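Down below is the structure, laid out as structure tokens.
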Amino acid sequence: MKTPNIVPHIARQFTAATVLGGFRRWMLLALCLGASVANAQTPAPLRWAGDAEGGAPYLLPNPKNPREIIGFEIDLMEALARNLGRKSVFVQNQWDGLVPGLQRGNYDLVVNGLEITDDRKQQVNFSLPYYVCGEQLSVRADETAIQSLADLRGKVVGTLKASLAQRILEREGGIEIRSYENQNNPYDDLAIGRLRAVLMDWPIAIYYSKPNPKLKFVGETIGRMEYGIALRKTDTALLRQVNEALLALIKAGELQRIYDKWGIGNPETTALFVQIAPELQTAMPAPSATPSQMLADFSRNITTQLTWQQRLQRWRIYLPPLLLQGAPMTLLISLLGMAVAVALGLVLALIYLYAPQPLSWLARAYVELFRGTPLLIQLYLIFYGLPNVGIRLSPLTAAVIGLGLNYAAYEAENYRAGIQAIPRGQMEAALSLGMTRAQALRHVIVPQALRLVIPPVTNDFIALFKDSSIVSVITMVELTKVYGQLAATYYDYIGVGLLAAAIYFLMGLPFVRLARWAEKRLATDKRISTTAKRRWLGVGAKPA
Amino acid sequence: MSAISVSHLGKRFDDHEALRDISFDVEVSELTAIIGPSGCGKSTLLRCLNGLELFDRGRVRLGQITLEMNDNGQRELQTQLRHLREEVGMVFQSFNLFPHLTVLENAVLAPMVVKKQARSVAEEKARALLAKVGLRERMDYYPSQLSGGQQQRAAIARALTMEPKVMLYDEPTSALDPSLVGEVLGIMRQLDDEGMTQVVVTHEMRFAREVADKVLVLHDGELIEADAPEVIFSAPKDERTRAFLQSIL
């Protein structure tokens with residue numbers, strides 16, 4: 001298989017940087033990027049976004065080397081960027097965040113099977129359509145009662161959230177619709193009987209339903225939708241360039257070749273191309289008859305029953321991206337986020353307890369506000385909302401700040417409980433020795449409170465550790481995101497899931513142990529454990 | 001000039017009159033014992049002397065510092081209290097040693113933080129004082145590893161590191177096992193011999209009788225008698241003093 005050259009190259013650089021975990025590598029990469037921007041000779045790279053968790057045939061980790069993202073849209077953007085004389089740079093982002101990220105200026109294009117709809121046209125400009133397809137109905141192989149859309153009435157049918165398929169099902173009426181976030185779960189649920197049918201974009205059906213011997217297609221495709229490249233409303237010059245490039249690629253037959261390579265050429269798209277470039281009328285080749293190597297590989301991948309040995313073999317493929325790409329990012333985000341939370345939380349607790357009225361009230365309001373609203377919404381506001389007031393944070397900074405601000409509210413309450421648990425006599429003794437209130441807090445109260453709050457703070461750290469997966473909504477690729485991509489690629493939710501869970505667990509374990517150790521070591525009552533033990537053993541009733 | 005001068009001190013807790021128009025003087029080098037039934041305001045009075053308790057009326061003078069509740073700003077009051085507290089050592093019923101620090105660290109913390117002494121200087125002084133109270137071998141122990149008597153002696157040494165002019169004790173032996181009371185009272189007796197000015201709220205009548213120069217009797221927030229111990233314990237003038245002494249002896 002021929003691998004696209006530029007994007008994977010960048011992807012490799014990125015993963016290599018994460019791999020060695022070294023900030024030095026990050027710095028190097030940043031310097032490289034910075035240098036390439038600074039160098040006026042090289043045109044700026046063409047930054048575009050999609051969600052590789054979406055899966056085949058759009059964007060997916062290469063089954064042979066999961067740290068590289070492949071897909072027909074990668075090929076499309078490679079060709080497009082080459083035509084524009086620029087470098088294609090793929091930016092990973094959660095599907096829901098693709099358009100907000102575009103508006104925010106994280107990248108200049110969205111290319112991810114984005115259907116051109118009137119609603120979306122209100123927010124973004126679309127290029128010429130680059131692909132057309134309909135929706136394909138799939139049922140279980142032994143299904144006889146369903147021949148068409150009309151037969152779905154009263155039955156449970158799965159589809160992709162907010163898609164043309166969903167609108168078609170809704171318009172039909174009387175169907176119990178189950179909306180899914182991703183494209184393979186509905187087919188799994190269909191196979192095991194949770195659904196009676198699945199209606200999904202035809203290219204998805206080709207990849208995830210057709211190869212599955214338990215499922216079959218029913219009827220022709222339904223409806224028609226066009227995929228377009230989304231751009232910001234203001235980028236009219238880029239829109240013109242992209243359209244010209246697309247037109248050139250269509251005329252040169254390049255797009256058709258890409259679709260043939262991926263086995264997703266269809267008459268609708270051919271008709272579209274002829275409509276766009278009438279001169280193709282005669283020259284246009286029919287969709288290739290040779291079966292697509294990509295599709296065959298993928299089909300084999302998801303249908304082959306693996307022996308246990310093969311399955312374990314495959315786990316070895318999962319490990320590098322999970323361990324080298326996902327885990328370090330999860331660790332980094334969690335540690336930095338917790339550092340922010342622990343520091344800010346202490347400040348909040350002290351203000352709450354000791355500052356004069358308006359300040360103390362504000363600290364309390366902060367705690368209530370950040371504890372009482374969803375982290376997800378806070379992250380969205382920080383990442384996509386703040387740019388409206390001129391604050392643009394990098395995804396990592398936004399993730400760390402978002403998690404930190406949110407958990408600070410919880411830590412503040414931990415500290416407050418800890419400080420209030422210190423007997424009043426401690427403060428009185430410190431004041432009696434001539435210390436100021438601040439000195440007493442710093443040297444007497446807070447050190448004791450910190451020891452008390454080690455267990456609840458550890459608890460929160462473990463919680464934050466797992467909550468950190470939420471930052472994939474702001475383009476961070478961490479452990480859970482890598483899990484999602486791998487699971488979609490290999491169709492192995494259990495295997496990848498077990499591994500990812502084990503990695504979370506094992507990464508959390510050292511911190512739990514560390515906290516236990518610190519708790520014991522810093523215990524204010526040094527003898528408590530040993531005295532208790534002695535008492536239990538009935539020796540040395542009284543300490544020295 | 002007397003070491004402490006209290007005049008017309010008054011304090012209310014909500015609807016309860018805790019201290020009523022109390023006036024007395026404490027002379028330099030004297031040991032003054034404050035006695036009276038529980039709830040009579042002994043501790044409150046003592047705590048007013050180092051500003052742990054604020055009062056409503058009257059005035060407390062301690063050496064050069066006069067504490068008066070007037071319209072002074074909060075900040076000014078705090079500064080005044082801090083100066084006052086540097087002159088006064090306080091020992092609590094429940095010791096209030098800092099449990100996260102060793103005995104030695106307890107004793108050097110305030111000199112280092114408040115007086116900005118170098119650790120070496122503070123430690124030298126602390127070691128000497130801890131040796132004086134008989135804790136030479138226990139300096140590196142944590143409070144929880146000590147007996148009550150040892151803890152209270154450490155607390156006294158800790159207060160002494162700040163070189164106070166006056167030592168206040170709030171029922172210093174009430175939390176102690178009877179067998180350990182003697183060692184704490186012994187230290188106070190020794191300090192008295194060295195000329196330290198001390199005010200002790202106590203239930204140890206024998207100690208008050210033997211060591212105190214002056215005994216104050218409080219009853220229901222009122223100072224009903226202030227005299228030499230021989231007078232108080234042998235020929236009290238007030239009927240309420242007699243009743244109180246009878247009830248506990």
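Going through the structure tokens in order, the chains are called A, B, and so on, while each chain numbers its residues from 1 and the ligands are numbered from 1 in the order shown.
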
message: Please check the contacts: residues of chain B at most 6 Å away from chain A, using only C-alpha atoms, listed as a PyMOL selection string.
response: chain B and resi 82+85-86+96+99-100+114+144

task: Name the residues in contact with Tyr504 (chain A) at a cut-off of 10 Å, using only C-alpha atoms, excluding same-chain residues fewer than 2 positions from it; report them as a VMD selection string.
output: chain A and resid 327 330 to 331 462 465 to 466 479 to 480 498 to 502 506 to 509

task: Name the residues of region 4-205 of chain B that come out as helix (DSSP H, G or I) in a backbone DSSP run; write them as a PyMOL selection string.
output: chain B and resi 42-49+74-87+103-113+119-132+136-138+143-145+148-160+178-193+205

- request: Tell me, as an MDAnalysis selection string, which residues lie within 9 Å of Tyr483 (chain A), counting only C-alpha atoms; anything in the same chain fewer than 3 positions away does not count.
  value: chainID A and resid 53 318 321:322 326 478:480 486:488 493 496:497 499:500

message: Using Å and a single decimal, report how far CA of Val473 (chain A) sits from CA of Pro100 (chain A).
response: 10.5 Å

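Excluding region 176-190 of chain B itself and any same-chain residue fewer than 6 positions from it, the protein and nucleic acid residues within 8 Å of it, counting only C-alpha atoms, are Val133, Gly148, Gly149, Gln152, Arg153, Phe207 and Val211 of chain B.
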
Using only C-alpha atoms, determine which residues lie at most 10 Å from region 361-364 of chain A, disregarding the query and same-chain residues fewer than 3 positions distant; provide the list as an mmCIF file with N, CA and C atoms, in the first residue's frame.
data_model
loop_
_atom_site.group_PDB
_atom_site.id
_atom_site.type_symbol
_atom_site.label_atom_id
_atom_site.label_comp_id
_atom_site.auth_asym_id
_atom_site.auth_seq_id
_atom_site.Cartn_x
_atom_site.Cartn_y
_atom_site.Cartn_z
ATOM 1 N N GLY A 345 -6.802 25.982 44.689
ATOM 2 C CA GLY A 345 -7.749 25.549 45.715
ATOM 3 C C GLY A 345 -7.357 26.067 47.089
ATOM 4 N N VAL A 347 -5.536 28.738 47.785
ATOM 5 C CA VAL A 347 -5.770 30.184 47.816
ATOM 6 C C VAL A 347 -7.261 30.463 48.048
ATOM 7 N N LEU A 348 -8.095 29.737 47.315
ATOM 8 C CA LEU A 348 -9.550 29.930 47.455
ATOM 9 C C LEU A 348 -10.015 29.644 48.877
ATOM 10 N N ALA A 349 -9.519 28.535 49.441
ATOM 11 C CA ALA A 349 -9.954 28.155 50.786
ATOM 12 C C ALA A 349 -9.532 29.218 51.799
ATOM 13 N N LEU A 350 -8.309 29.724 51.664
ATOM 14 C CA LEU A 350 -7.819 30.730 52.609
ATOM 15 C C LEU A 350 -8.617 32.027 52.478
ATOM 16 N N ILE A 351 -8.907 32.413 51.240
ATOM 17 C CA ILE A 351 -9.714 33.627 51.037
ATOM 18 C C ILE A 351 -11.093 33.431 51.649
ATOM 19 N N TYR A 352 -11.653 32.269 51.364
ATOM 20 C CA TYR A 352 -12.982 31.967 51.867
ATOM 21 C C TYR A 352 -13.023 32.064 53.398
ATOM 22 N N LEU A 353 -11.989 31.494 54.040
ATOM 23 C CA LEU A 353 -12.016 31.415 55.500
ATOM 24 C C LEU A 353 -11.555 32.697 56.190
ATOM 25 N N ALA A 355 -10.445 35.956 54.469
ATOM 26 C CA ALA A 355 -10.455 37.283 53.856
ATOM 27 C C ALA A 355 -11.715 38.044 54.270
ATOM 28 N N PRO A 356 -11.681 39.360 54.183
ATOM 29 C CA PRO A 356 -12.863 40.148 54.519
ATOM 30 C C PRO A 356 -14.003 39.918 53.530
ATOM 31 N N GLN A 357 -15.151 40.387 53.907
ATOM 32 C CA GLN A 357 -16.420 40.037 53.294
ATOM 33 C C GLN A 357 -16.482 39.910 51.766
ATOM 34 N N PRO A 358 -16.263 40.970 50.993
ATOM 35 C CA PRO A 358 -16.560 40.789 49.560
ATOM 36 C C PRO A 358 -15.679 39.712 48.935
ATOM 37 N N VAL A 367 -16.403 28.686 44.044
ATOM 38 C CA VAL A 367 -16.541 27.259 44.341
ATOM 39 C C VAL A 367 -17.899 26.744 43.868
ATOM 40 N N GLU A 368 -18.942 27.474 44.225
ATOM 41 C CA GLU A 368 -20.279 27.013 43.859
ATOM 42 C C GLU A 368 -20.449 26.953 42.338
ATOM 43 N N LEU A 369 -19.909 27.974 41.665
ATOM 44 C CA LEU A 369 -20.088 28.091 40.220
ATOM 45 C C LEU A 369 -19.354 26.970 39.480
ATOM 46 N N ALA A 409 -12.130 24.095 42.639
ATOM 47 C CA ALA A 409 -13.329 24.266 43.458
ATOM 48 C C ALA A 409 -13.447 23.118 44.465
ATOM 49 N N ALA A 412 -10.592 23.362 47.059
ATOM 50 C CA ALA A 412 -10.842 24.429 48.029
ATOM 51 C C ALA A 412 -11.696 23.884 49.174
ATOM 52 N N GLU A 413 -12.682 23.076 48.834
ATOM 53 C CA GLU A 413 -13.542 22.512 49.868
ATOM 54 C C GLU A 413 -12.785 21.505 50.729
#

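Using only C-alpha atoms, the contacts of Arg136 (chain B) at a cut-off of 12 Å, with sequence neighbours closer than 6 positions omitted, comprise Val103, Leu104, Ala126, Arg127, Ala128, Leu129, Leu130, Gln150, Arg153, Ala154 and Ala157 of chain B.
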
message: Could you list, as number ranges by chain, every residue within 10 Å of His8 (chain B), counting only C-alpha atoms and ignoring same-chain residues fewer than 3 positions away?
response: B: 19-24, 57-60

Selection file, N, CA and C atoms, as a PDB file, in the first residue's frame:
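Once everything was written out, this is result.pdb:
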ATOM      1  N   LEU B  19     -17.402  39.296  82.665  1.00  0.00           N
ATOM      2  CA  LEU B  19     -16.493  39.992  83.581  1.00  0.00           C
ATOM      3  C   LEU B  19     -17.134  41.324  83.972  1.00  0.00           C
ATOM      4  N   ARG B  20     -17.163  41.598  85.282  1.00  0.00           N
ATOM      5  CA  ARG B  20     -17.789  42.847  85.729  1.00  0.00           C
ATOM      6  C   ARG B  20     -16.775  43.737  86.435  1.00  0.00           C
ATOM      7  N   ASP B  21     -16.453  44.823  85.809  1.00  0.00           N
ATOM      8  CA  ASP B  21     -15.694  45.894  86.441  1.00  0.00           C
ATOM      9  C   ASP B  21     -14.523  45.382  87.304  1.00  0.00           C
ATOM     10  N   ILE B  22     -13.596  44.699  86.621  1.00  0.00           N
ATOM     11  CA  ILE B  22     -12.496  44.088  87.373  1.00  0.00           C
ATOM     12  C   ILE B  22     -11.263  44.991  87.352  1.00  0.00           C
ATOM     13  N   SER B  23     -10.665  45.210  88.510  1.00  0.00           N
ATOM     14  CA  SER B  23      -9.437  45.999  88.597  1.00  0.00           C
ATOM     15  C   SER B  23      -8.461  45.300  89.537  1.00  0.00           C
ATOM     16  N   PHE B  24      -7.224  45.187  89.109  1.00  0.00           N
ATOM     17  CA  PHE B  24      -6.173  44.683  90.005  1.00  0.00           C
ATOM     18  C   PHE B  24      -4.814  44.975  89.388  1.00  0.00           C
ATOM     19  N   ARG B  57     -15.221  46.902  77.972  1.00  0.00           N
ATOM     20  CA  ARG B  57     -14.976  48.127  78.736  1.00  0.00           C
ATOM     21  C   ARG B  57     -13.671  48.003  79.493  1.00  0.00           C
ATOM     22  N   GLY B  58     -13.124  49.160  79.886  1.00  0.00           N
ATOM     23  CA  GLY B  58     -11.940  49.166  80.724  1.00  0.00           C
ATOM     24  C   GLY B  58     -10.649  49.124  79.934  1.00  0.00           C
ATOM     25  N   ARG B  59      -9.564  48.721  80.639  1.00  0.00           N
ATOM     26  CA  ARG B  59      -8.249  48.914  80.055  1.00  0.00           C
ATOM     27  C   ARG B  59      -7.294  47.899  80.683  1.00  0.00           C
ATOM     28  N   VAL B  60      -6.377  47.411  79.876  1.00  0.00           N
ATOM     29  CA  VAL B  60      -5.326  46.523  80.371  1.00  0.00           C
ATOM     30  C   VAL B  60      -3.985  47.146  80.025  1.00  0.00           C
TER      31      VAL B  60
END

query: Taking into account only C-alpha atoms, which residue in the set A:Leu190, A:Glu78, A:Val198, A:Arg232 is nearest to Arg120 (chain A)?
result: A:Arg232

Among listed residues B:Ala208, B:Ala155, B:Met90, B:Met69, nearest Asp170 (chain B) (using only C-alpha atoms): B:Met90

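Straight-line separation from CA of Leu249 (chain A) to CA of Arg67 (chain A): 28.1 Å.
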
query: Where in region 47-244 of chain A does DSSP assign strand (DSSP E or B), given as a ChimeraX atom specification?
result: /A:47-50,55,59-62,65-70,88-92,109-110,115,124-140,156-160,176-180,197-201,215-232

Which residues of region 409-492 of chain A sit at most 12 Å from region 289-300 of chain A, using only C-alpha atoms? Give each one's shortest atom pair and distance in Å (one decimal place), in chain and ascending residue order, as a tab-separated table.
residue	atom	partner	partner_atom	distance
A:Ala488	CA	A:Phe298	CA	11.1
A:Thr489	CA	A:Phe298	CA	8.3
A:Tyr490	CA	A:Phe298	CA	8.4
A:Tyr491	CA	A:Phe298	CA	9.9
